[in-house]
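Asks: What follows is input14.tsv; its format and atoms are TSV, C-alpha atoms and all ligand atoms.
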```
chain	number	residue	atom	x	y	z
A	1146	MET	CA	-18.34	-13.22	8.11
A	1147	LYS	CA	-15.32	-11.62	6.46
A	1148	ALA	CA	-14.50	-7.93	6.86
A	1149	LEU	CA	-11.56	-5.66	6.09
A	1150	THR	CA	-10.47	-4.08	9.35
A	1151	VAL	CA	-7.72	-1.70	10.37
A	1152	GLU	CA	-6.25	-0.25	13.55
A	1153	PRO	CA	-6.43	3.48	12.78
A	1154	ARG	CA	-3.13	5.41	13.08
A	1155	CYS	CA	-1.22	2.11	12.86
A	1156	PRO	CA	0.26	1.77	9.34
A	1157	GLY	CA	0.20	-1.74	7.90
A	1158	SER	CA	-2.48	-2.98	10.31
A	1159	ALA	CA	-5.22	-3.63	7.72
A	1160	ARG	CA	-6.28	-7.27	7.37
A	1161	LEU	CA	-9.16	-9.40	6.22
A	1162	GLU	CA	-10.63	-11.14	9.25
A	1163	GLU	CA	-13.62	-13.05	10.54
A	1164	ILE	CA	-15.91	-10.85	12.61
A	1165	ASP	CA	-19.36	-11.30	14.19
A	1166	GLU	CA	-22.51	-10.75	12.15
A	1167	PRO	CA	-23.62	-7.09	12.35
A	1168	ALA	CA	-25.30	-6.26	15.65
A	1169	ILE	CA	-29.03	-5.54	15.52
A	1170	HIS	CA	-28.49	-2.17	17.24
A	1171	SER	CA	-26.61	-0.97	14.13
A	1172	GLY	CA	-29.88	-0.89	12.16
A	1173	SER	CA	-33.11	-2.74	11.42
A	1174	ILE	CA	-32.21	-3.35	7.74
A	1175	LEU	CA	-29.87	-6.24	6.95
A	1176	VAL	CA	-27.87	-5.84	3.74
A	1177	GLU	CA	-25.60	-8.12	1.73
A	1178	ALA	CA	-22.59	-6.12	0.50
A	1179	VAL	CA	-22.27	-5.98	-3.29
A	1180	ALA	CA	-19.35	-3.58	-3.69
A	1181	VAL	CA	-17.33	-0.88	-1.94
A	1182	GLY	CA	-15.43	1.88	-3.71
A	1183	ILE	CA	-11.91	2.73	-2.57
A	1184	CYS	CA	-10.83	6.36	-2.30
A	1185	GLY	CA	-7.97	8.45	-1.00
A	1186	THR	CA	-9.49	8.54	2.48
A	1187	ASP	CA	-9.34	4.72	2.70
A	1188	LYS	CA	-5.71	4.80	1.61
A	1189	GLU	CA	-4.96	7.41	4.27
A	1190	ILE	CA	-6.64	5.28	6.95
A	1191	ILE	CA	-4.76	2.16	5.83
A	1192	GLY	CA	-1.54	4.21	5.73
A	1193	GLY	CA	-2.07	5.22	9.37
A	1194	ALA	CA	-2.73	8.91	8.73
A	1195	TYR	CA	-6.49	9.17	9.46
A	1196	GLY	CA	-9.43	7.34	11.02
A	1197	TRP	CA	-10.83	6.51	14.45
A	1198	ALA	CA	-11.93	3.13	15.86
A	1199	PRO	CA	-15.34	2.84	17.56
A	1200	PRO	CA	-15.22	3.74	21.28
A	1201	GLY	CA	-13.66	0.99	23.39
A	1202	ARG	CA	-12.24	-0.85	20.38
A	1203	ASP	CA	-8.89	-0.93	18.60
A	1204	ARG	CA	-10.08	-1.86	15.12
A	1205	LEU	CA	-12.46	-0.30	12.62
A	1206	VAL	CA	-14.24	-1.99	9.71
A	1207	LEU	CA	-13.27	0.03	6.63
A	1208	GLY	CA	-15.40	1.13	3.69
A	1209	HIS	CA	-17.71	4.09	3.15
A	1210	GLU	CA	-18.57	4.03	-0.58
A	1211	SER	CA	-21.18	1.30	-0.33
A	1212	LEU	CA	-23.57	-0.67	-2.50
A	1213	GLY	CA	-25.62	-3.52	-1.11
A	1214	ARG	CA	-28.69	-5.67	-1.61
A	1215	VAL	CA	-31.38	-5.78	1.07
A	1216	LEU	CA	-31.65	-9.23	2.69
A	1217	ASP	CA	-34.15	-8.25	5.38
A	1218	PRO	CA	-35.85	-4.83	5.17
A	1219	GLY	CA	-37.04	-4.95	8.80
A	1220	PRO	CA	-40.43	-3.64	9.92
A	1221	ILE	CA	-40.40	0.07	9.04
A	1222	SER	CA	-38.07	0.82	6.13
A	1223	GLY	CA	-40.51	0.54	3.22
A	1224	LEU	CA	-37.78	-1.34	1.36
A	1225	ALA	CA	-38.14	-4.85	-0.06
A	1226	ALA	CA	-35.74	-7.77	-0.03
A	1227	GLY	CA	-33.59	-7.54	-3.15
A	1228	ASP	CA	-33.61	-3.70	-3.34
A	1229	LEU	CA	-30.23	-2.12	-4.04
A	1230	VAL	CA	-29.24	0.40	-1.39
A	1231	VAL	CA	-26.38	2.71	-0.47
A	1232	GLY	CA	-25.60	3.66	3.12
A	1233	ILE	CA	-25.12	7.30	4.08
A	1234	VAL	CA	-21.67	7.83	5.64
A	1235	ARG	CA	-22.15	10.42	8.38
A	1236	ARG	CA	-24.27	10.35	11.53
A	1237	PRO	CA	-25.13	13.50	13.51
A	1238	ASP	CA	-23.31	14.31	16.70
A	1239	PRO	CA	-25.13	13.27	19.88
A	1240	ARG	CA	-25.51	16.76	21.27
A	1241	PRO	CA	-26.67	17.76	18.54
A	1242	CYS	CA	-25.32	21.02	17.08
A	1243	PRO	CA	-27.92	23.14	15.22
A	1244	ASN	CA	-26.89	21.78	11.81
A	1245	CYS	CA	-27.00	18.13	12.94
A	1246	ASP	CA	-30.32	18.85	14.62
A	1247	THR	CA	-31.81	19.91	11.29
A	1248	GLY	CA	-30.43	17.05	9.17
A	1249	GLU	CA	-27.43	19.03	7.86
A	1250	TYR	CA	-24.94	16.75	9.59
A	1251	ASP	CA	-22.52	17.29	6.69
A	1252	MET	CA	-22.11	20.77	8.22
A	1253	CYS	CA	-21.59	19.57	11.84
A	1254	THR	CA	-20.06	22.40	13.83
A	1255	ASN	CA	-18.73	20.67	16.93
A	1256	GLY	CA	-16.81	17.84	15.23
A	1257	ARG	CA	-18.55	15.13	17.27
A	1258	TYR	CA	-20.19	13.56	14.20
A	1259	THR	CA	-19.32	9.96	13.37
A	1260	GLU	CA	-18.71	8.40	9.93
A	1261	ARG	CA	-19.07	4.78	8.85
A	1262	GLY	CA	-15.74	3.28	7.90
A	1263	ILE	CA	-13.89	6.46	8.90
A	1264	LYS	CA	-14.74	7.85	12.32
A	1265	GLU	CA	-15.88	5.76	15.28
A	1266	ARG	CA	-18.38	3.60	13.34
A	1267	ASP	CA	-17.81	0.38	11.43
A	1268	GLY	CA	-17.96	0.73	7.68
A	1269	TYR	CA	-19.38	-1.26	4.81
A	1270	LEU	CA	-16.39	-3.41	3.82
A	1271	ALA	CA	-17.92	-6.51	5.39
A	1272	GLU	CA	-19.94	-9.29	3.78
A	1273	ARG	CA	-23.08	-8.08	5.55
A	1274	TRP	CA	-23.99	-4.82	7.27
A	1275	ARG	CA	-26.99	-3.31	9.01
A	1276	ILE	CA	-28.34	0.18	8.62
A	1277	GLU	CA	-31.05	2.44	10.04
A	1278	PRO	CA	-33.89	3.24	7.57
A	1279	GLU	CA	-33.16	6.98	7.60
A	1280	TYR	CA	-29.59	6.36	6.42
A	1281	ALA	CA	-30.36	3.84	3.67
A	1282	VAL	CA	-30.91	5.25	0.19
A	1283	ARG	CA	-32.61	3.03	-2.39
A	1284	ILE	CA	-31.07	3.24	-5.83
A	1285	ASP	CA	-32.54	2.69	-9.28
A	1286	PRO	CA	-31.99	-1.05	-9.90
A	1287	SER	CA	-31.03	-0.34	-13.51
A	1288	LEU	CA	-27.84	1.36	-12.23
A	1289	GLY	CA	-26.57	-2.00	-10.96
A	1290	LEU	CA	-22.89	-1.82	-9.96
A	1291	LEU	CA	-22.80	1.86	-10.96
A	1292	GLY	CA	-24.69	2.53	-7.71
A	1293	VAL	CA	-21.33	2.29	-5.95
A	1294	LEU	CA	-20.64	5.76	-7.41
A	1295	MET	CA	-23.48	7.21	-5.34
A	1296	GLU	CA	-21.37	8.26	-2.33
A	1297	PRO	CA	-18.69	10.18	-4.27
A	1298	THR	CA	-21.47	11.69	-6.41
A	1299	SER	CA	-23.28	12.83	-3.24
A	1300	VAL	CA	-20.10	14.61	-2.08
A	1301	VAL	CA	-19.92	16.40	-5.45
A	1302	ALA	CA	-23.66	17.17	-5.49
A	1303	LYS	CA	-23.26	18.84	-2.09
A	1304	ALA	CA	-20.28	20.86	-3.30
A	1305	TRP	CA	-22.21	22.00	-6.39
A	1306	GLU	CA	-25.25	22.92	-4.31
A	1307	HIS	CA	-23.17	25.13	-2.02
A	1308	VAL	CA	-21.27	26.67	-4.95
A	1309	VAL	CA	-24.50	27.59	-6.71
A	1310	ARG	CA	-25.89	29.13	-3.53
A	1311	VAL	CA	-22.80	31.31	-3.17
A	1312	ALA	CA	-22.60	32.07	-6.88
A	1313	THR	CA	-26.12	33.46	-6.94
A	1314	ARG	CA	-25.31	36.02	-4.21
A	1315	ALA	CA	-25.09	38.72	-6.90
A	1316	PHE	CA	-26.69	39.45	-10.25
A	1317	TRP	CA	-24.33	37.18	-12.09
A	1318	GLU	CA	-24.79	34.25	-14.38
A	1319	PRO	CA	-21.85	31.88	-14.13
A	1320	ARG	CA	-21.16	30.10	-17.42
A	1321	SER	CA	-17.79	28.40	-17.17
A	1322	VAL	CA	-16.27	25.89	-14.78
A	1323	LEU	CA	-12.70	24.66	-14.38
A	1324	VAL	CA	-12.06	21.40	-12.54
A	1325	ILE	CA	-8.51	20.76	-11.32
A	1326	GLY	CA	-7.76	17.03	-10.90
A	1327	ALA	CA	-9.37	14.33	-13.05
A	1328	GLY	CA	-9.89	11.71	-10.34
A	1329	PRO	CA	-13.38	10.40	-9.58
A	1330	ILE	CA	-14.42	13.55	-7.68
A	1331	GLY	CA	-13.12	15.87	-10.42
A	1332	LEU	CA	-14.72	13.84	-13.20
A	1333	LEU	CA	-18.05	13.69	-11.38
A	1334	ALA	CA	-17.87	17.46	-10.74
A	1335	ALA	CA	-17.26	17.95	-14.47
A	1336	MET	CA	-20.14	15.61	-15.30
A	1337	ILE	CA	-22.51	17.75	-13.23
A	1338	GLY	CA	-21.02	20.92	-14.80
A	1339	VAL	CA	-21.90	19.62	-18.25
A	1340	GLN	CA	-25.35	18.51	-17.07
A	1341	LEU	CA	-25.97	22.05	-15.76
A	1342	GLY	CA	-24.99	23.54	-19.12
A	1343	PHE	CA	-21.60	25.02	-18.13
A	1344	ASP	CA	-18.68	25.37	-20.52
A	1345	THR	CA	-16.61	22.80	-18.63
A	1346	HIS	CA	-12.80	22.48	-18.51
A	1347	VAL	CA	-10.79	19.80	-16.70
A	1348	LEU	CA	-7.07	19.93	-15.94
A	1349	ASP	CA	-4.82	17.07	-14.86
A	1350	ARG	CA	-1.16	16.08	-15.19
A	1351	VAL	CA	-1.59	13.22	-17.66
A	1352	THR	CA	-1.43	13.82	-21.38
A	1353	ALA	CA	-2.88	10.49	-22.57
A	1354	GLY	CA	-4.99	7.59	-21.38
A	1355	ILE	CA	-8.47	7.24	-20.01
A	1356	LYS	CA	-8.77	10.60	-18.21
A	1357	PRO	CA	-8.52	12.92	-21.25
A	1358	ASP	CA	-10.79	10.48	-23.05
A	1359	LEU	CA	-13.43	10.52	-20.32
A	1360	VAL	CA	-13.39	14.33	-20.26
A	1361	ARG	CA	-13.96	14.44	-24.02
A	1362	GLN	CA	-16.71	11.82	-23.71
A	1363	LEU	CA	-18.48	14.22	-21.34
A	1364	GLY	CA	-18.30	17.00	-23.90
A	1365	ALA	CA	-15.83	19.00	-21.78
A	1366	THR	CA	-12.36	20.37	-22.68
A	1367	TYR	CA	-9.25	18.64	-21.34
A	1368	HIS	CA	-6.04	20.49	-20.41
A	1369	ALA	CA	-2.73	18.99	-19.26
A	1370	GLY	CA	0.01	20.89	-17.48
A	1371	ARG	CA	0.02	24.10	-15.48
A	1372	VAL	CA	-3.18	25.98	-14.69
A	1373	PRO	CA	-1.92	29.46	-15.79
A	1374	ASP	CA	-0.86	28.03	-19.17
A	1375	THR	CA	-4.44	27.04	-20.01
A	1376	GLY	CA	-5.52	30.68	-20.22
A	1377	VAL	CA	-8.86	29.63	-18.70
A	1378	ARG	CA	-10.61	32.15	-16.42
A	1379	ALA	CA	-13.61	30.32	-14.99
A	1380	ASP	CA	-16.60	31.59	-13.06
A	1381	ILE	CA	-16.47	28.47	-10.88
A	1382	VAL	CA	-13.35	26.47	-10.03
A	1383	PHE	CA	-13.32	23.08	-8.30
A	1384	GLU	CA	-9.91	22.24	-6.86
A	1385	CYS	CA	-9.98	18.48	-6.22
A	1386	THR	CA	-6.35	17.72	-5.35
A	1387	GLY	CA	-5.57	19.73	-2.22
A	1388	VAL	CA	-2.04	20.37	-3.52
A	1389	GLY	CA	-0.98	23.78	-2.17
A	1390	GLN	CA	0.26	25.25	-5.44
A	1391	LEU	CA	-2.88	24.12	-7.27
A	1392	VAL	CA	-5.08	25.73	-4.62
A	1393	LEU	CA	-3.34	29.03	-5.33
A	1394	ASP	CA	-3.58	28.41	-9.07
A	1395	ALA	CA	-7.32	27.71	-8.65
A	1396	ILE	CA	-7.80	31.13	-7.04
A	1397	GLY	CA	-5.74	32.71	-9.81
A	1398	ALA	CA	-7.92	31.07	-12.46
A	1399	ALA	CA	-11.21	32.40	-11.05
A	1400	ALA	CA	-12.93	35.15	-13.02
A	1401	PRO	CA	-14.13	38.29	-11.16
A	1402	GLY	CA	-16.98	37.37	-8.79
A	1403	GLY	CA	-15.89	33.75	-9.03
A	1404	VAL	CA	-16.34	30.91	-6.58
A	1405	VAL	CA	-13.52	28.47	-5.82
A	1406	CYS	CA	-14.54	25.23	-4.17
A	1407	LEU	CA	-11.91	23.07	-2.47
A	1408	THR	CA	-12.77	19.38	-2.16
A	1409	GLY	CA	-9.32	17.79	-1.84
A	1410	VAL	CA	-7.17	17.60	1.25
A	1411	GLY	CA	-3.95	16.76	-0.58
A	1412	VAL	CA	-1.10	14.48	0.30
A	1413	ASP	CA	1.80	16.88	-0.12
A	1414	GLN	CA	1.63	19.09	2.91
A	1415	GLN	CA	4.77	21.04	2.08
A	1416	GLY	CA	4.36	24.67	2.96
A	1417	VAL	CA	3.34	27.01	0.17
A	1418	ASP	CA	3.99	30.67	0.74
A	1419	VAL	CA	0.82	32.67	0.45
A	1420	PRO	CA	1.58	35.35	-2.13
A	1421	SER	CA	1.17	38.88	-0.86
A	1422	GLY	CA	-1.13	39.70	-3.78
A	1423	LEU	CA	-3.65	37.05	-2.79
A	1424	ALA	CA	-5.82	39.20	-0.56
A	1425	ARG	CA	-5.79	42.02	-3.10
A	1426	ALA	CA	-6.83	39.69	-5.93
A	1427	MET	CA	-9.58	38.14	-3.81
A	1428	VAL	CA	-10.96	41.42	-2.50
A	1429	LEU	CA	-10.84	43.38	-5.75
A	1430	ASN	CA	-12.42	40.49	-7.67
A	1431	SER	CA	-14.97	39.59	-4.94
A	1432	LEU	CA	-13.86	35.97	-4.93
A	1433	VAL	CA	-15.18	33.34	-2.54
A	1434	VAL	CA	-13.19	30.26	-1.55
A	1435	LEU	CA	-15.16	27.54	0.19
A	1436	GLY	CA	-14.33	24.09	1.42
A	1437	SER	CA	-16.82	21.27	1.00
A	1438	VAL	CA	-16.98	17.84	2.65
A	1439	ASN	CA	-19.44	15.00	3.04
A	1440	ALA	CA	-23.16	15.06	2.14
A	1441	ASN	CA	-26.54	14.73	3.81
A	1442	ARG	CA	-29.58	12.76	2.65
A	1443	ARG	CA	-30.76	15.56	0.35
A	1444	HIS	CA	-27.47	15.37	-1.54
A	1445	TYR	CA	-27.79	11.60	-1.96
A	1446	ARG	CA	-31.16	12.24	-3.61
A	1447	ARG	CA	-29.62	14.86	-5.88
A	1448	ALA	CA	-26.78	12.44	-6.67
A	1449	ALA	CA	-29.32	9.76	-7.62
A	1450	ASN	CA	-30.86	12.17	-10.14
A	1451	ARG	CA	-27.43	13.09	-11.51
A	1452	LEU	CA	-26.45	9.44	-11.96
A	1453	ALA	CA	-29.81	8.67	-13.59
A	1454	ALA	CA	-29.24	11.47	-16.12
A	1455	ALA	CA	-25.62	10.49	-16.85
A	1456	ASP	CA	-24.21	8.66	-19.86
A	1457	ARG	CA	-24.04	5.05	-18.63
A	1458	SER	CA	-20.94	4.26	-20.65
A	1459	PHE	CA	-19.11	7.21	-19.01
A	1460	LEU	CA	-20.02	5.86	-15.57
A	1461	GLU	CA	-19.02	2.33	-16.56
A	1462	ARG	CA	-15.59	3.56	-17.66
A	1463	LEU	CA	-15.18	5.48	-14.38
A	1464	ILE	CA	-15.17	2.13	-12.58
A	1465	SER	CA	-11.86	1.17	-14.11
A	1466	ARG	CA	-11.09	-1.94	-12.04
A	1467	ARG	CA	-12.92	-4.41	-9.79
A	1468	VAL	CA	-11.16	-6.72	-7.36
A	1469	PRO	CA	-12.59	-9.52	-5.19
A	1470	LEU	CA	-12.53	-9.13	-1.39
A	1471	ASP	CA	-9.76	-11.74	-0.97
A	1472	ARG	CA	-7.50	-9.61	-3.19
A	1473	TRP	CA	-8.27	-6.29	-1.45
A	1474	GLN	CA	-4.58	-5.34	-1.48
A	1475	ASP	CA	-4.73	-5.10	-5.28
A	1476	ALA	CA	-7.32	-2.35	-4.89
A	1477	LEU	CA	-4.71	-0.17	-3.16
A	1478	LYS	CA	-2.06	-0.53	-5.86
A	1479	ARG	CA	-2.08	2.29	-8.32
A	1480	GLU	CA	-2.30	1.16	-11.95
A	1481	PRO	CA	-1.80	3.53	-14.90
A	1482	ASP	CA	-5.41	3.84	-16.04
A	1483	ASP	CA	-7.08	3.71	-12.63
A	1484	VAL	CA	-9.96	6.02	-11.96
A	1485	LYS	CA	-12.33	4.36	-9.45
A	1486	VAL	CA	-11.35	0.93	-8.15
A	1487	VAL	CA	-14.02	-1.11	-6.36
A	1488	VAL	CA	-13.92	-4.21	-4.21
A	1489	GLN	CA	-16.74	-6.40	-5.46
A	1490	MET	CA	-18.12	-8.85	-2.93
A	1491	ALA	CA	-21.20	-10.27	-4.69
A	1492	PRO	CA	-22.70	-10.20	-8.18
A	1493	VAL	CA	-25.19	-7.35	-8.71
A	1501	LIG	C1	-15.85	10.85	2.44
A	1501	LIG	C2	-16.73	11.80	3.20
A	1501	LIG	C3	-16.10	12.12	4.55
A	1501	LIG	C4	-14.68	12.62	4.35
A	1501	LIG	C5	-13.98	13.01	5.64
A	1501	LIG	C6	-14.44	11.37	2.37
A	1501	LIG	O1	-13.63	10.42	1.74
A	1501	LIG	O2	-16.34	10.65	1.14
A	1501	LIG	O3	-18.01	11.24	3.36
A	1501	LIG	O4	-16.87	13.10	5.20
A	1501	LIG	O5	-13.93	11.64	3.67
A	1501	LIG	O6	-13.88	11.99	6.57
```
Would you kindly transcribe this structure into C-alpha cells?
Replies:
Amino acid sequence: MKALTVEPRCPGSARLEEIDEPAIHSGSILVEAVAVGICGTDKEIIGGAYGWAPPGRDRLVLGHESLGRVLDPGPISGLAAGDLVVGIVRRPDPRPCPNCDTGEYDMCTNGRYTERGIKERDGYLAERWRIEPEYAVRIDPSLGLLGVLMEPTSVVAKAWEHVVRVATRAFWEPRSVLVIGAGPIGLLAAMIGVQLGFDTHVLDRVTAGIKPDLVRQLGATYHAGRVPDTGVRADIVFECTGVGQLVLDAIGAAAPGGVVCLTGVGVDQQGVDVPSGLARAMVLNSLVVLGSVNANRRHYRRAANRLAAADRSFLERLISRRVPLDRWQDALKREPDDVKVVVQMAPV
C-alpha cells in the first residue's frame, strides 16, 4: 500500500512509497484512510525540524489528523464495518507517569509518550492503518469529511477545558475572548468561544479574504494589524501563533484576572526581550499564562460535541483545499486562501 514517509530531521526526505500492510500488533481494528489534515507540525517534520522515527527505523509514516472508515472492527471494539473513525494521536509512556496512568497522557510528565505520525509511531498518512479500540473515536456519520477536523478540534477543546478550570479559580465571570491568529486552531478556538457565549474577537494579519469572512460567519469580531491597536482587553486570550512579540502582546491584552493560553510554537525563534514591566503587570493583575498541547480521549468526545453543534457551512469552508495522495506536495504549498488543507485518499 502507499504511504507518505519521511526521515525525521532530514529535510527533503519525504516521499510516497510502497510499504507493508499495517501490522496486526498496531491494533485490532483495520481502517481504510479517507483523509488526513496537514498542519504546521507536519510541515516542520517534512522540513527536518521535528519528529522521531519508530525505534530501530529511519523512516516514519506521517499524518496525525486522521479520518478513516472501518474495514474490519475486530473482536472487541463495538464498531461496525463502514463506521467513520478518527485515531487519537498520543499514547501513554510505558512507565507510566501518574498522568499517563490515569488517561491524561496529554499531560505526560516524563516526555516518554509517543505520537502517531510525529513521535516514534507510524501515522495515518497510509492507505490503510490499524488502531487499538481505546484510541479509535467513532464520529457522527453525518459529519462526513468534516470529521477530519476532529483532531485539531480536540486540541482546542483541551485548551478551552484547561482555561476554564483556571479561569474559575476566583469569583469571576469571564465574558470576552481574544484569539490571536486565524489559522485552523485559532478559528476553532473562536468557534468554541462563540458556542460558550463569549464576546469573541479574532486578530490576524490579513485584511481581506476568507479569514475575516469566516470570523464574521461565526458571529465574532475580526481585527487586522497590531494587538494594542485593537483596544481589546479580554478576559481570556488564546495566542495561536507562537510569535514572540504576539505572545507578549497577548499578555498585554489580558484584562485583570485574565488567562492567556499559548497553543502555538511559532516559526520565528528570534529572541524577544522580556520587558521589565512584565512581572509587575502579571502579578498586579493576577494573570495566568498556560501552555496547552495535545488531547486525551475525553477531549475528543468534547470535540465531537463541538463539531456537532457547529455551523456546517463554517466547517466546510475551513477545509479550504483537498488534494489527492499522489499530489501530496501540493498540500504543502501555501495558497492565498488556505485555511485547512487535507489529503483525501478515498471518497467519504
Ligand atoms: C498535534 C498534537 C501534538 C503536537 C506536538 C500537534 O500538531 O496536533 O497532537 O501533541 O503537535 O507533537
Asks: Would you list the residues near (-4.2, 1.7, -14.3), meaning any protein, DNA or RNA residue with an atom at most 12 Å from that point in file coordinates, counting all atoms listed in the file, as a list in words?
Replies: Gly1354, Ile1355, Lys1356, Leu1463, Ile1464, Ser1465, Arg1466, Arg1467, Asp1475, Ala1476, Leu1477, Lys1478, Arg1479, Glu1480, Pro1481, Asp1482, Asp1483, Val1484, Lys1485 and Val1486 of chain A
Asks: For ligand LIG 1501 (chain A), which of A:Tyr1367, A:Trp1305, A:Phe1459, A:Tyr1445 is the closest residue, counting all atoms listed in the file?
Replies: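 When distances to ligand LIG 1501 (chain A) are compared using all atoms listed in the file, the smallest one comes from A:Tyr1445.
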Asks: Within 8 Å of ligand LIG 1501 (chain A), counting all atoms listed in the file, which protein or nucleic acid residues do you find, written as a PyMOL selection string?
Replies: chain A and resi 1184-1187+1196+1209-1210+1234-1235+1251+1260+1263-1264+1296-1297+1300+1438-1440
Asks: Rank A:Cys1406, A:Leu1212, A:Ala1334, A:Leu1460 by their smallest atom-to-atom distance to Leu1270 of chain A, using only C-alpha atoms, and report the top residue only.
Replies: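 When distances to Leu1270 of chain A are compared using only C-alpha atoms, the smallest one comes from A:Leu1212.
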Asks: Return the single residue from A:Val1493, A:Val1419, A:Met1146, A:Ala1399 that is closest to Ser1431 of chain A, with distances computed using only C-alpha atoms.
Replies: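 Result for the nearest residue to Ser1431 of chain A: A:Ala1399.
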Asks: Using all atoms listed in the file, determine which residues lie at most 12 Å from Ala1353 of chain A, disregarding the query and same-chain residues fewer than 3 positions distant; provide the list as a list in words.
Replies: Asp1349, Arg1350, Lys1356, Pro1357, Asp1358, Leu1359, Val1360, Arg1361, Tyr1367, His1368, Ala1369, Gly1370, Pro1481 and Asp1482 of chain A
Asks: Can you write out the residues you just picked, keeping C-alpha atoms, as a short mmCIF file (atom, residue, chain, number, x, y, z; two decimals), in the coordinates of the input?
Replies:
```
data_model
loop_
_atom_site.label_atom_id
_atom_site.label_comp_id
_atom_site.auth_asym_id
_atom_site.auth_seq_id
_atom_site.Cartn_x
_atom_site.Cartn_y
_atom_site.Cartn_z
CA ASP A 1349 -4.82 17.07 -14.86
CA ARG A 1350 -1.16 16.08 -15.19
CA LYS A 1356 -8.77 10.60 -18.21
CA PRO A 1357 -8.52 12.92 -21.25
CA ASP A 1358 -10.79 10.48 -23.05
CA LEU A 1359 -13.43 10.52 -20.32
CA VAL A 1360 -13.39 14.33 -20.26
CA ARG A 1361 -13.96 14.44 -24.02
CA TYR A 1367 -9.25 18.64 -21.34
CA HIS A 1368 -6.04 20.49 -20.41
CA ALA A 1369 -2.73 18.99 -19.26
CA GLY A 1370 0.01 20.89 -17.48
CA PRO A 1481 -1.80 3.53 -14.90
CA ASP A 1482 -5.41 3.84 -16.04
#
```
Asks: Please return as a PyMOL selection string every residue within 12 Å of (-20.6, 18.0, -2.6), taking into account only C-alpha atoms and the file's own coordinates.
Replies: chain A and resi 1251-1252+1295-1309+1330-1331+1333-1334+1337+1383+1385+1406-1409+1435-1445+1447-1448
Asks: Given 5 Å of margin on each side, can you work out the centre and size in Å (one decimal) of an axis-aligned box holding every listed atom of segment 1372-1377 of chain A, as AutoDock Vina command-line options?
Replies:
```
--center_x -4.9 --center_y 28.3 --center_z -17.5 --size_x 18.0 --size_y 14.7 --size_z 15.5
```
Asks: Kindly give the distance, in Å, that separates atom CA of Gln1474 of chain A and atom CA of Leu1291 of chain A, rounded to a single decimal.
Replies: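 According to the coordinates, atom CA of Gln1474 of chain A and atom CA of Leu1291 of chain A are separated by 21.8 Å.
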